[in-house]
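Visitor: Got entry-v1.csv for you, CSV, C-alpha atoms:
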```csv
chain,number,residue,atom,x,y,z
W,1450,MET,CA,0.0,0.0,0.0
W,1451,ALA,CA,2.9,2.4,0.8
W,1452,ASP,CA,4.3,1.9,-2.7
W,1453,GLU,CA,1.0,2.9,-4.3
W,1454,LEU,CA,0.6,5.9,-2.0
W,1455,GLU,CA,4.1,7.0,-3.0
W,1456,LEU,CA,3.2,6.7,-6.7
W,1457,LEU,CA,0.2,8.9,-6.2
W,1458,ARG,CA,2.1,11.5,-4.2
W,1459,SER,CA,4.8,11.7,-6.8
W,1460,ALA,CA,2.3,12.1,-9.6
W,1461,ASP,CA,0.3,14.7,-7.7
W,1462,PRO,CA,-1.9,15.9,-10.6
W,1463,VAL,CA,-3.4,18.7,-8.4
W,1464,PRO,CA,-0.7,20.1,-6.0
W,1465,PRO,CA,-2.0,22.1,-3.1
W,1466,ASP,CA,-0.2,25.2,-4.3
W,1467,GLY,CA,-1.4,24.8,-7.9
W,1468,PRO,CA,-3.5,27.6,-9.6
W,1469,ARG,CA,-6.6,25.3,-9.9
W,1470,PHE,CA,-9.0,24.1,-7.3
W,1471,GLY,CA,-8.7,20.4,-6.5
W,1472,ASP,CA,-12.2,19.7,-7.8
W,1473,GLY,CA,-11.6,21.6,-11.1
W,1474,PRO,CA,-10.3,20.2,-14.4
W,1475,LEU,CA,-6.7,19.1,-14.7
W,1476,ASP,CA,-4.3,21.1,-16.9
W,1477,HIS,CA,-2.3,19.5,-19.7
W,1478,ASP,CA,0.7,18.8,-17.6
W,1479,ALA,CA,-1.5,17.2,-14.9
W,1480,GLU,CA,-3.3,15.1,-17.5
W,1481,ARG,CA,0.1,13.9,-18.8
W,1482,ARG,CA,1.3,12.9,-15.3
W,1483,LEU,CA,-2.0,11.2,-14.5
W,1484,GLU,CA,-1.8,9.3,-17.7
W,1485,GLN,CA,1.7,8.1,-16.9
W,1486,LEU,CA,0.5,7.0,-13.4
W,1487,LEU,CA,-2.5,5.1,-14.9
W,1488,ARG,CA,-0.3,3.4,-17.5
W,1489,ASP,CA,2.8,2.6,-15.4
W,1490,PRO,CA,1.9,1.7,-11.8
W,1491,GLY,CA,3.9,-1.2,-10.6
W,1492,ASP,CA,6.5,-1.2,-13.4
W,1493,GLU,CA,9.3,-0.2,-11.0
W,1494,LEU,CA,8.1,-1.7,-7.8
W,1495,PRO,CA,10.5,-4.4,-6.5
W,1496,GLY,CA,9.1,-7.9,-6.4
W,1497,ARG,CA,6.1,-7.1,-8.5
W,1498,PRO,CA,5.5,-8.4,-12.1
W,1499,ARG,CA,5.5,-5.7,-14.8
W,1500,ALA,CA,2.1,-4.3,-15.3
W,1501,ARG,CA,0.4,-4.7,-18.7
W,1502,ARG,CA,0.3,-1.3,-20.3
W,1503,GLY,CA,-2.1,0.6,-22.6
W,1504,PRO,CA,-5.8,1.4,-22.5
W,1505,LEU,CA,-8.2,-1.5,-22.7
W,1506,SER,CA,-9.8,-0.3,-25.9
W,1507,ASP,CA,-6.8,-0.4,-28.1
W,1508,ARG,CA,-4.1,-2.8,-26.7
W,1509,ARG,CA,-3.7,-6.5,-26.2
W,1510,ASP,CA,-0.8,-8.5,-24.9
W,1511,PRO,CA,1.3,-10.9,-27.2
W,1512,GLU,CA,-1.2,-13.7,-26.6
W,1513,GLY,CA,-4.2,-11.5,-27.7
W,1514,ARG,CA,-5.7,-11.1,-24.2
W,1515,LEU,CA,-7.4,-7.9,-23.2
W,1516,PRO,CA,-5.4,-5.8,-20.8
W,1517,GLY,CA,-6.5,-5.2,-17.3
W,1518,ARG,CA,-6.5,-1.4,-17.4
W,1519,VAL,CA,-9.9,0.1,-17.6
W,1520,ARG,CA,-9.1,3.8,-17.6
W,1521,ASP,CA,-10.8,4.4,-20.9
W,1522,LEU,CA,-14.0,2.8,-19.7
W,1523,LEU,CA,-14.3,4.7,-16.4
W,1524,LEU,CA,-16.5,7.7,-16.2
W,1525,PRO,CA,-14.8,10.9,-17.1
W,1526,GLY,CA,-14.2,13.8,-14.7
W,1527,PRO,CA,-13.5,13.7,-11.0
W,1528,ARG,CA,-14.8,10.1,-10.7
W,1529,ARG,CA,-12.2,9.0,-13.3
W,1530,VAL,CA,-9.4,10.0,-10.9
W,1531,ARG,CA,-11.2,8.5,-7.9
W,1532,MET,CA,-11.9,5.2,-9.6
W,1533,ALA,CA,-8.3,5.0,-10.9
W,1534,TRP,CA,-7.2,5.0,-7.3
W,1535,GLY,CA,-9.8,2.3,-6.7
W,1536,LEU,CA,-8.1,0.1,-9.3
W,1537,VAL,CA,-4.7,0.5,-7.7
W,1538,ALA,CA,-6.2,-0.4,-4.3
W,1539,THR,CA,-8.4,-3.3,-5.4
W,1540,ALA,CA,-5.6,-5.9,-5.2
W,1541,VAL,CA,-4.9,-4.9,-1.6
W,1542,VAL,CA,-8.4,-4.9,-0.3
W,1543,ALA,CA,-10.1,-7.6,-2.4
W,1544,ALA,CA,-9.7,-10.3,0.3
W,1545,LEU,CA,-11.6,-8.1,2.7
W,1546,THR,CA,-14.2,-7.5,0.0
W,1547,LEU,CA,-14.8,-11.1,-0.6
W,1548,THR,CA,-15.2,-11.8,3.2
W,1549,LEU,CA,-17.9,-9.1,3.3
W,1550,VAL,CA,-19.7,-9.9,0.1
W,1551,LEU,CA,-19.4,-13.7,0.0
W,1552,SER,CA,-19.6,-14.4,3.7
W,1553,GLY,CA,-21.5,-17.6,3.5
W,1554,PRO,CA,-23.2,-20.1,1.1
W,1555,SER,CA,-26.6,-18.7,1.9
W,1556,THR,CA,-25.6,-15.0,1.8
W,1557,PRO,CA,-26.3,-13.3,-1.6
W,1558,PRO,CA,-23.8,-10.8,-2.8
W,1559,ALA,CA,-24.4,-7.3,-1.6
W,1560,VAL,CA,-23.6,-6.0,-5.1
W,1561,ALA,CA,-23.6,-8.0,-8.2
W,1562,ALA,CA,-22.3,-6.8,-11.5
W,1563,PRO,CA,-25.3,-5.7,-13.6
W,1564,ARG,CA,-26.2,-7.7,-16.7
W,1565,PRO,CA,-25.9,-6.0,-20.1
W,1566,LEU,CA,-29.0,-4.2,-21.3
W,1567,VAL,CA,-31.0,-6.3,-23.7
W,1568,VAL,CA,-32.7,-5.0,-26.8
W,1569,GLU,CA,-36.4,-6.0,-26.9
W,1570,THR,CA,-37.0,-8.6,-29.5
W,1571,GLY,CA,-39.0,-7.4,-32.5
W,1572,SER,CA,-38.6,-3.7,-31.6
W,1573,THR,CA,-38.1,-1.3,-34.4
W,1574,PRO,CA,-34.8,0.7,-34.5
W,1575,VAL,CA,-35.1,4.4,-34.9
W,1576,ALA,CA,-32.5,6.2,-37.0
W,1577,LEU,CA,-30.4,8.8,-35.2
W,1578,HIS,CA,-31.3,11.5,-37.6
W,1579,ARG,CA,-34.9,10.9,-36.7
W,1580,MET,CA,-34.0,11.2,-33.0
W,1581,ALA,CA,-32.3,14.5,-33.8
W,1582,GLU,CA,-35.5,15.7,-35.5
W,1583,LEU,CA,-37.5,14.8,-32.3
W,1584,ALA,CA,-35.0,16.7,-30.2
W,1585,SER,CA,-35.3,19.8,-32.4
W,1586,ALA,CA,-39.1,19.6,-32.2
W,1587,THR,CA,-39.0,19.4,-28.4
W,1588,ALA,CA,-36.7,22.4,-28.3
W,1589,GLY,CA,-39.3,24.5,-30.0
W,1590,THR,CA,-42.1,23.9,-27.4
W,1591,ASP,CA,-43.0,26.5,-24.8
W,1592,ASP,CA,-42.5,24.2,-21.8
W,1593,ALA,CA,-39.2,22.8,-23.1
W,1594,PRO,CA,-36.6,21.9,-20.3
W,1595,ARG,CA,-33.9,24.5,-19.7
W,1596,LEU,CA,-30.2,24.1,-19.2
W,1597,ARG,CA,-29.1,23.7,-15.6
W,1598,LYS,CA,-25.6,23.5,-14.2
W,1599,GLY,CA,-25.1,20.4,-12.2
W,1600,THR,CA,-26.0,16.7,-12.6
W,1601,HIS,CA,-28.0,13.8,-11.2
W,1602,VAL,CA,-26.5,10.5,-12.2
W,1603,GLN,CA,-26.6,6.8,-11.2
W,1604,SER,CA,-23.5,4.9,-12.1
W,1605,TRP,CA,-21.8,1.5,-11.8
W,1606,SER,CA,-18.1,1.0,-12.2
W,1607,LEU,CA,-16.2,-2.3,-12.3
W,1608,GLY,CA,-13.0,-2.7,-10.3
W,1609,MET,CA,-10.4,-5.4,-11.3
W,1610,SER,CA,-7.3,-7.0,-9.8
W,1611,ASP,CA,-4.8,-9.5,-11.0
W,1612,ASP,CA,-5.9,-12.5,-8.9
W,1613,LYS,CA,-9.2,-11.6,-7.2
W,1614,PRO,CA,-12.9,-11.7,-8.4
W,1615,LEU,CA,-14.4,-8.5,-9.7
W,1616,ILE,CA,-16.3,-5.9,-7.6
W,1617,THR,CA,-18.9,-3.5,-8.7
W,1618,LEU,CA,-19.6,-0.2,-6.9
W,1619,PRO,CA,-23.0,1.5,-7.6
W,1620,GLU,CA,-23.3,5.2,-6.6
W,1621,GLU,CA,-25.8,8.0,-7.1
W,1622,ARG,CA,-24.4,11.5,-7.4
W,1623,ILE,CA,-26.2,14.9,-7.3
W,1624,VAL,CA,-24.4,18.2,-7.9
W,1625,ARG,CA,-26.3,21.4,-7.5
W,1626,TRP,CA,-25.0,24.9,-8.2
W,1627,ARG,CA,-26.2,28.1,-6.4
W,1628,ALA,CA,-26.7,31.6,-7.5
W,1629,ASP,CA,-23.4,32.7,-6.0
W,1630,ASP,CA,-21.5,30.1,-8.0
W,1631,SER,CA,-20.9,27.8,-5.0
W,1632,HIS,CA,-22.1,24.3,-5.3
W,1633,THR,CA,-22.9,21.1,-3.3
W,1634,GLU,CA,-22.1,17.5,-4.1
W,1635,LEU,CA,-23.9,14.6,-2.6
W,1636,VAL,CA,-22.8,11.0,-3.3
W,1637,VAL,CA,-24.7,8.0,-1.8
W,1638,ALA,CA,-24.2,4.2,-2.1
W,1639,THR,CA,-27.4,2.8,-3.6
W,1640,ASP,CA,-28.5,0.3,-6.2
W,1641,PRO,CA,-32.0,0.9,-7.6
W,1642,ARG,CA,-32.2,-2.7,-8.8
W,1643,HIS,CA,-32.3,-3.9,-5.2
W,1644,PRO,CA,-33.9,-1.2,-3.0
W,1645,GLY,CA,-33.3,-1.7,0.7
W,1646,ARG,CA,-30.5,-4.2,0.3
W,1647,PRO,CA,-27.0,-3.5,1.7
W,1648,VAL,CA,-24.5,-1.9,-0.7
W,1649,LEU,CA,-20.8,-2.4,-1.1
W,1650,SER,CA,-18.8,0.8,-0.6
W,1651,ASP,CA,-15.1,1.6,-0.7
W,1652,GLU,CA,-15.5,4.7,1.5
W,1653,GLY,CA,-12.2,5.5,3.2
W,1654,GLY,CA,-10.4,3.0,1.0
W,1655,GLU,CA,-11.8,0.0,3.0
W,1656,PRO,CA,-14.6,-1.9,1.3
W,1657,HIS,CA,-17.5,-2.6,3.6
W,1658,LEU,CA,-21.3,-3.0,3.6
W,1659,VAL,CA,-23.4,0.1,4.1
W,1660,ASP,CA,-27.1,0.7,4.2
W,1661,ASP,CA,-28.9,1.5,1.0
W,1662,GLY,CA,-28.7,5.3,0.6
W,1663,HIS,CA,-25.7,5.6,2.9
W,1664,VAL,CA,-24.1,9.1,2.4
W,1665,LEU,CA,-20.6,8.7,1.0
W,1666,LEU,CA,-19.9,12.4,0.5
W,1667,TYR,CA,-21.7,15.6,1.2
W,1668,ARG,CA,-19.7,18.7,0.5
W,1669,THR,CA,-20.2,22.4,-0.2
W,1670,TYR,CA,-17.7,24.0,-2.5
W,1671,PRO,CA,-16.9,27.8,-2.4
W,1672,PRO,CA,-17.8,30.0,-5.4
W,1673,SER,CA,-15.8,29.2,-8.5
W,1674,TRP,CA,-16.2,29.9,-12.2
W,1675,SER,CA,-14.4,28.9,-15.4
W,1676,ASP,CA,-14.9,29.8,-19.0
W,1677,ALA,CA,-13.3,26.5,-20.2
W,1678,PRO,CA,-15.3,23.4,-21.1
W,1679,PRO,CA,-16.9,21.5,-19.4
W,1680,GLN,CA,-17.4,24.2,-16.8
W,1681,SER,CA,-18.6,26.8,-19.3
W,1682,PRO,CA,-22.2,26.4,-20.7
W,1683,PRO,CA,-22.4,24.1,-23.8
W,1684,PRO,CA,-23.3,25.7,-27.1
W,1685,ARG,CA,-26.6,25.0,-28.9
W,1686,ASP,CA,-25.2,24.3,-32.3
W,1687,PRO,CA,-23.8,20.8,-33.3
W,1688,ALA,CA,-20.6,22.2,-34.9
W,1689,ARG,CA,-19.8,24.5,-32.0
W,1690,LEU,CA,-20.6,21.7,-29.6
W,1691,ARG,CA,-18.1,19.4,-31.4
W,1692,ALA,CA,-15.4,22.0,-30.8
W,1693,TYR,CA,-16.5,22.4,-27.2
W,1694,LEU,CA,-16.2,18.7,-26.5
W,1695,MET,CA,-12.8,18.5,-28.2
W,1696,GLU,CA,-11.6,21.3,-25.8
W,1697,ALA,CA,-13.1,19.4,-22.9
W,1698,GLN,CA,-11.1,16.4,-23.9
W,1699,TYR,CA,-7.9,18.4,-24.2
W,1700,THR,CA,-7.4,17.7,-27.9
W,1701,ASP,CA,-7.5,19.6,-31.1
W,1702,THR,CA,-8.0,16.6,-33.3
W,1703,PRO,CA,-11.4,15.2,-34.4
W,1704,LEU,CA,-13.0,12.9,-31.9
W,1705,SER,CA,-13.6,9.3,-32.8
W,1706,THR,CA,-17.1,7.9,-32.0
W,1707,PRO,CA,-15.8,6.3,-28.7
W,1708,GLU,CA,-14.1,9.5,-27.8
W,1709,LEU,CA,-17.2,11.5,-28.6
W,1710,LEU,CA,-19.3,9.3,-26.3
W,1711,ASP,CA,-16.8,9.7,-23.5
W,1712,ALA,CA,-16.8,13.5,-24.1
W,1713,MET,CA,-20.6,13.4,-24.0
W,1714,ALA,CA,-20.4,11.6,-20.6
W,1715,THR,CA,-18.1,14.4,-19.3
W,1716,LEU,CA,-20.6,17.0,-20.4
W,1717,LEU,CA,-23.5,15.2,-18.7
W,1718,ASP,CA,-21.5,14.8,-15.5
W,1719,ASN,CA,-21.4,18.6,-15.3
W,1720,TRP,CA,-24.6,19.8,-16.9
W,1721,THR,CA,-28.3,18.8,-17.1
W,1722,LEU,CA,-29.0,19.7,-20.6
W,1723,GLY,CA,-32.0,21.8,-21.7
W,1724,ALA,CA,-34.0,20.9,-24.8
W,1725,ARG,CA,-31.9,23.1,-27.2
W,1726,GLU,CA,-28.6,21.7,-25.9
W,1727,SER,CA,-30.0,18.1,-26.2
W,1728,ALA,CA,-31.0,18.9,-29.8
W,1729,ALA,CA,-27.4,20.0,-30.6
W,1730,LEU,CA,-26.1,16.9,-29.0
W,1731,ALA,CA,-28.5,14.7,-30.9
W,1732,GLY,CA,-27.5,16.4,-34.1
W,1733,LEU,CA,-23.9,15.8,-33.4
W,1734,LEU,CA,-24.4,12.1,-32.5
W,1735,ALA,CA,-26.4,11.6,-35.7
W,1736,GLY,CA,-23.3,12.3,-37.7
W,1737,ALA,CA,-21.1,9.9,-35.7
W,1738,GLU,CA,-19.6,7.0,-37.7
W,1739,GLY,CA,-20.3,3.5,-36.6
W,1740,LEU,CA,-23.1,4.4,-34.2
W,1741,ARG,CA,-26.0,2.2,-35.4
W,1742,PRO,CA,-29.6,1.8,-34.1
W,1743,VAL,CA,-30.5,-1.6,-32.6
W,1744,GLY,CA,-34.0,-1.1,-31.1
W,1745,ARG,CA,-35.8,-0.5,-27.8
W,1746,VAL,CA,-34.4,-1.1,-24.3
W,1747,THR,CA,-35.5,-0.5,-20.7
W,1748,ASP,CA,-32.7,1.1,-18.8
W,1749,ARG,CA,-31.7,0.4,-15.1
W,1750,LEU,CA,-34.1,3.0,-13.9
W,1751,GLY,CA,-37.0,1.5,-15.7
W,1752,ARG,CA,-37.1,4.1,-18.5
W,1753,ARG,CA,-37.9,3.1,-22.1
W,1754,GLY,CA,-35.3,4.2,-24.6
W,1755,GLN,CA,-33.9,3.7,-28.1
W,1756,ALA,CA,-30.4,2.1,-28.1
W,1757,TYR,CA,-27.5,2.9,-30.4
W,1758,VAL,CA,-24.4,0.7,-30.5
W,1759,ASN,CA,-20.7,1.3,-31.4
W,1760,ASP,CA,-18.2,-1.6,-31.4
W,1761,THR,CA,-14.6,-0.6,-31.3
W,1762,GLY,CA,-11.5,-2.3,-30.0
W,1763,GLY,CA,-13.3,-5.1,-28.3
W,1764,VAL,CA,-15.6,-2.8,-26.4
W,1765,ARG,CA,-19.3,-2.3,-27.1
W,1766,ARG,CA,-20.7,1.1,-26.1
W,1767,MET,CA,-24.5,1.4,-26.0
W,1768,LEU,CA,-26.1,4.9,-26.0
W,1769,ILE,CA,-29.7,5.1,-24.7
W,1770,MET,CA,-31.9,8.0,-25.8
W,1771,ASP,CA,-35.4,9.1,-24.8
W,1772,PRO,CA,-37.7,8.2,-27.8
W,1773,ALA,CA,-40.0,11.1,-27.1
W,1774,THR,CA,-37.5,13.9,-26.7
W,1775,GLY,CA,-34.2,12.8,-28.1
W,1776,ALA,CA,-32.4,13.4,-24.8
W,1777,VAL,CA,-29.6,11.1,-23.7
W,1778,LEU,CA,-30.6,8.8,-20.9
W,1779,GLY,CA,-27.6,6.5,-20.4
W,1780,LEU,CA,-24.3,5.0,-21.7
W,1781,GLU,CA,-23.1,1.5,-21.1
W,1782,SER,CA,-19.7,-0.1,-21.9
W,1783,THR,CA,-19.3,-3.9,-22.1
W,1784,LEU,CA,-16.6,-6.3,-23.2
W,1785,GLU,CA,-17.1,-8.2,-26.4
W,1786,GLU,CA,-14.5,-10.8,-25.6
W,1787,PRO,CA,-13.7,-12.6,-22.4
W,1788,ASP,CA,-10.5,-12.1,-20.4
W,1789,PRO,CA,-10.0,-15.4,-18.4
W,1790,GLU,CA,-6.9,-14.1,-16.6
W,1791,TYR,CA,-9.0,-11.4,-14.9
W,1792,GLY,CA,-12.2,-13.5,-14.7
W,1793,VAL,CA,-14.0,-11.1,-17.0
W,1794,GLU,CA,-16.7,-12.8,-19.1
W,1795,GLU,CA,-17.9,-11.7,-22.5
W,1796,GLY,CA,-20.5,-9.1,-22.1
W,1797,ALA,CA,-19.3,-7.9,-18.7
W,1798,VAL,CA,-20.5,-4.4,-17.9
W,1799,MET,CA,-17.4,-2.3,-17.3
W,1800,SER,CA,-19.3,1.0,-16.7
W,1801,TYR,CA,-22.8,2.4,-16.8
W,1802,SER,CA,-24.3,5.8,-16.3
W,1803,ALA,CA,-28.0,6.8,-16.1
W,1804,TRP,CA,-28.6,10.6,-16.1
W,1805,MET,CA,-31.7,12.2,-14.7
W,1806,ARG,CA,-33.2,15.6,-14.4
```
So, in terms of structure tokens, how does the structure I just supplied come out?
Guide:
Amino acid sequence: MADELELLRSADPVPPDGPRFGDGPLDHDAERRLEQLLRDPGDELPGRPRARRGPLSDRRDPEGRLPGRVRDLLLPGPRRVRMAWGLVATAVVAALTLTLVLSGPSTPPAVAAPRPLVVETGSTPVALHRMAELASATAGTDDAPRLRKGTHVQSWSLGMSDDKPLITLPEERIVRWRADDSHTELVVATDPRHPGRPVLSDEGGEPHLVDDGHVLLYRTYPPSWSDAPPQSPPPRDPARLRAYLMEAQYTDTPLSTPELLDAMATLLDNWTLGARESAALAGLLAGAEGLRPVGRVTDRLGRRGQAYVNDTGGVRRMLIMDPATGAVLGLESTLEEPDPEYGVEEGAVMSYSAWMR
């Protein structure tokens, strides 16, 4: 544990004397150092086998197996940093996790990995350009939803280790901004699929069972403001929104479809879109290559949606959109091939987000 702590301290992507707040976006140098940390942990530690390197979506080892790093599948923004630490710590705490979750033959797991969403048999796929038309029509109504800074999201993220079974941590996060540019963040451990059941939490770095709805974090942040994406308001035009998302991802090159979906998740983790912003996003997604309609699904919050799938680098990303308004409801990432070394089966859900108003 001390070695991992030292790695994190030496990387120090947000030093206490840095010009940015700790909860704000990382600058380019910080992103570079964090990327190095995520790719190289364990390479130089004595007595530890060399870590497999490279993001899961585009690298395999000489035997063709999928690598264990899941950085590209974790939700963007502050949770990406927090979950990266979770992956480092998983190997250390997995034994305790198993004791808590699998404590006896008659004790069901407190948290089980969610099954992939299933497209309803016989449902009719709706083209993305049609969804963009619906979103534009919604934006023109008098009672159309308005843009609001902050988010309300339910998420699942999968933690992996070299020699222990997987763990899945479900959380619900609500961020609300005030008129003076201060904001609050509330994070609770909860799984809407099993209301009232205990939930596995890694609060304080020690996995343990907590009650459904247990508060993991409640914090008020002082006033802060930025004119850089994703803190600045998103534009209402697809072309300008594309440039906005590129800036939010710290790149000046066009985004691939997987990168676009990750950038979209970053946006929705910071803003609750209004109808006009949702129309711009739907128009942008309608032009994405390799994002095909597959039919109707019911998401993990019981909402009906139209699903759109992209298969890239052994990862399937499923986008779920509201069939009535064209707004984005959720995003799921699953593996298309098994990785026996890590105990990951084909179709394992690596991450899932369901956004709400």
Visitor: Go through W:Leu1566, W:Val1798, W:Met1695, W:Ala1586 and flag the residue nearest Thr1774 of chain W, using only C-alpha atoms for the distances.
Guide: W:Ala1586
Visitor: Using all atoms listed in the file, determine which residues lie at most 6 Å from segment 1592-1595 of chain W, disregarding the query and same-chain residues fewer than 4 positions distant; provide the list as a VMD selection string.
Guide: chain W and resid 1588 1723 to 1724
Visitor: Taking all atoms listed in the file into account, name the residue in W:Gly1645, W:Gly1736, W:Pro1707, W:Gly1779 that is nearest to Trp1804 of chain W.
Guide: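 Among the listed residues, W:Gly1779 lies closest to Trp1804 of chain W.
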Visitor: Skipping near chain neighbours, those fewer than 5 positions away, what residues fall within 9 Å of Leu1717 of chain W using all atoms listed in the file, listed as a list in words?
Guide: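 Skipping anything fewer than 5 positions along the chain leaves Gly1599, Thr1600, His1601, Val1602, Ala1712, Leu1722, Val1777 and Trp1804 of chain W.
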Visitor: So how many Å separate atom CA of Asp1771 of chain W and atom CA of Gln1755 of chain W, to one decimal?
Guide: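 It comes out at 6.5 Å.
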Visitor: What is the distance, in Å and to one decimal place, between atom CA of Thr1639 of chain W and atom CA of Glu1620 of chain W?
Guide: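 One can read the atom CA of Thr1639 of chain W to atom CA of Glu1620 of chain W distance as 5.6 Å.
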Visitor: Can you tell me how far atom CA of Glu1652 of chain W sits from atom CA of Pro1563 of chain W, in Å to one decimal?
Guide: 20.8 Å
Visitor: Would you fill the gaps in segment 1584-1600 of chain W so it has N, CA, C and O atoms, then print it as a PDB file, in the frame of the given file?
Guide:
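Output below, filename out-v1.pdb:
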```
ATOM      1  N   ALA W1584     -35.626  15.757 -31.124  1.00  0.00           N
ATOM      2  CA  ALA W1584     -35.000  16.700 -30.200  1.00  0.00           C
ATOM      3  C   ALA W1584     -35.209  18.118 -30.592  1.00  0.00           C
ATOM      4  O   ALA W1584     -35.492  18.990 -29.753  1.00  0.00           O
ATOM      5  N   SER W1585     -35.078  18.397 -31.878  1.00  0.00           N
ATOM      6  CA  SER W1585     -35.300  19.800 -32.400  1.00  0.00           C
ATOM      7  C   SER W1585     -36.727  20.206 -32.191  1.00  0.00           C
ATOM      8  O   SER W1585     -37.002  21.358 -31.838  1.00  0.00           O
ATOM      9  N   ALA W1586     -37.674  19.283 -32.413  1.00  0.00           N
ATOM     10  CA  ALA W1586     -39.100  19.600 -32.200  1.00  0.00           C
ATOM     11  C   ALA W1586     -39.390  19.909 -30.765  1.00  0.00           C
ATOM     12  O   ALA W1586     -40.132  20.849 -30.442  1.00  0.00           O
ATOM     13  N   THR W1587     -38.788  19.145 -29.855  1.00  0.00           N
ATOM     14  CA  THR W1587     -39.000  19.400 -28.400  1.00  0.00           C
ATOM     15  C   THR W1587     -38.438  20.740 -28.019  1.00  0.00           C
ATOM     16  O   THR W1587     -39.019  21.456 -27.192  1.00  0.00           O
ATOM     17  N   ALA W1588     -37.303  21.115 -28.609  1.00  0.00           N
ATOM     18  CA  ALA W1588     -36.700  22.400 -28.300  1.00  0.00           C
ATOM     19  C   ALA W1588     -37.541  23.586 -28.630  1.00  0.00           C
ATOM     20  O   ALA W1588     -37.389  24.671 -28.062  1.00  0.00           O
ATOM     21  N   GLY W1589     -38.465  23.405 -29.580  1.00  0.00           N
ATOM     22  CA  GLY W1589     -39.300  24.500 -30.000  1.00  0.00           C
ATOM     23  C   GLY W1589     -40.587  24.682 -29.216  1.00  0.00           C
ATOM     24  O   GLY W1589     -41.353  25.618 -29.483  1.00  0.00           O
ATOM     25  N   THR W1590     -40.836  23.836 -28.219  1.00  0.00           N
ATOM     26  CA  THR W1590     -42.100  23.900 -27.400  1.00  0.00           C
ATOM     27  C   THR W1590     -41.903  24.949 -26.292  1.00  0.00           C
ATOM     28  O   THR W1590     -40.797  25.215 -25.834  1.00  0.00           O
ATOM     29  N   ASP W1591     -43.031  25.484 -25.834  1.00  0.00           N
ATOM     30  CA  ASP W1591     -43.000  26.500 -24.800  1.00  0.00           C
ATOM     31  C   ASP W1591     -42.521  25.981 -23.452  1.00  0.00           C
ATOM     32  O   ASP W1591     -41.878  26.691 -22.679  1.00  0.00           O
ATOM     33  N   ASP W1592     -42.842  24.734 -23.149  1.00  0.00           N
ATOM     34  CA  ASP W1592     -42.500  24.200 -21.800  1.00  0.00           C
ATOM     35  C   ASP W1592     -41.226  23.300 -21.921  1.00  0.00           C
ATOM     36  O   ASP W1592     -41.023  22.405 -21.099  1.00  0.00           O
ATOM     37  N   ALA W1593     -40.374  23.554 -22.915  1.00  0.00           N
ATOM     38  CA  ALA W1593     -39.200  22.800 -23.100  1.00  0.00           C
ATOM     39  C   ALA W1593     -38.231  22.913 -21.889  1.00  0.00           C
ATOM     40  O   ALA W1593     -38.108  24.006 -21.332  1.00  0.00           O
ATOM     41  N   PRO W1594     -37.558  21.824 -21.451  1.00  0.00           N
ATOM     42  CA  PRO W1594     -36.600  21.900 -20.300  1.00  0.00           C
ATOM     43  C   PRO W1594     -35.491  22.888 -20.636  1.00  0.00           C
ATOM     44  O   PRO W1594     -35.084  23.056 -21.792  1.00  0.00           O
ATOM     45  N   ARG W1595     -34.986  23.540 -19.593  1.00  0.00           N
ATOM     46  CA  ARG W1595     -33.900  24.500 -19.700  1.00  0.00           C
ATOM     47  C   ARG W1595     -32.599  23.952 -19.190  1.00  0.00           C
ATOM     48  O   ARG W1595     -32.597  23.065 -18.337  1.00  0.00           O
ATOM     49  N   LEU W1596     -31.489  24.498 -19.671  1.00  0.00           N
ATOM     50  CA  LEU W1596     -30.200  24.100 -19.200  1.00  0.00           C
ATOM     51  C   LEU W1596     -29.969  24.412 -17.744  1.00  0.00           C
ATOM     52  O   LEU W1596     -30.368  25.476 -17.269  1.00  0.00           O
ATOM     53  N   ARG W1597     -29.366  23.468 -17.016  1.00  0.00           N
ATOM     54  CA  ARG W1597     -29.100  23.700 -15.600  1.00  0.00           C
ATOM     55  C   ARG W1597     -27.697  23.141 -15.287  1.00  0.00           C
ATOM     56  O   ARG W1597     -27.372  22.006 -15.650  1.00  0.00           O
ATOM     57  N   LYS W1598     -26.873  23.952 -14.637  1.00  0.00           N
ATOM     58  CA  LYS W1598     -25.600  23.500 -14.200  1.00  0.00           C
ATOM     59  C   LYS W1598     -25.677  22.516 -13.083  1.00  0.00           C
ATOM     60  O   LYS W1598     -26.433  22.766 -12.136  1.00  0.00           O
ATOM     61  N   GLY W1599     -24.949  21.418 -13.145  1.00  0.00           N
ATOM     62  CA  GLY W1599     -25.100  20.400 -12.200  1.00  0.00           C
ATOM     63  C   GLY W1599     -25.591  19.100 -12.789  1.00  0.00           C
ATOM     64  O   GLY W1599     -25.983  19.081 -13.970  1.00  0.00           O
ATOM     65  N   THR W1600     -25.601  18.011 -12.041  1.00  0.00           N
ATOM     66  CA  THR W1600     -26.000  16.700 -12.600  1.00  0.00           C
ATOM     67  C   THR W1600     -26.666  15.857 -11.551  1.00  0.00           C
ATOM     68  O   THR W1600     -26.525  16.086 -10.346  1.00  0.00           O
TER      69      THR W1600
END
```
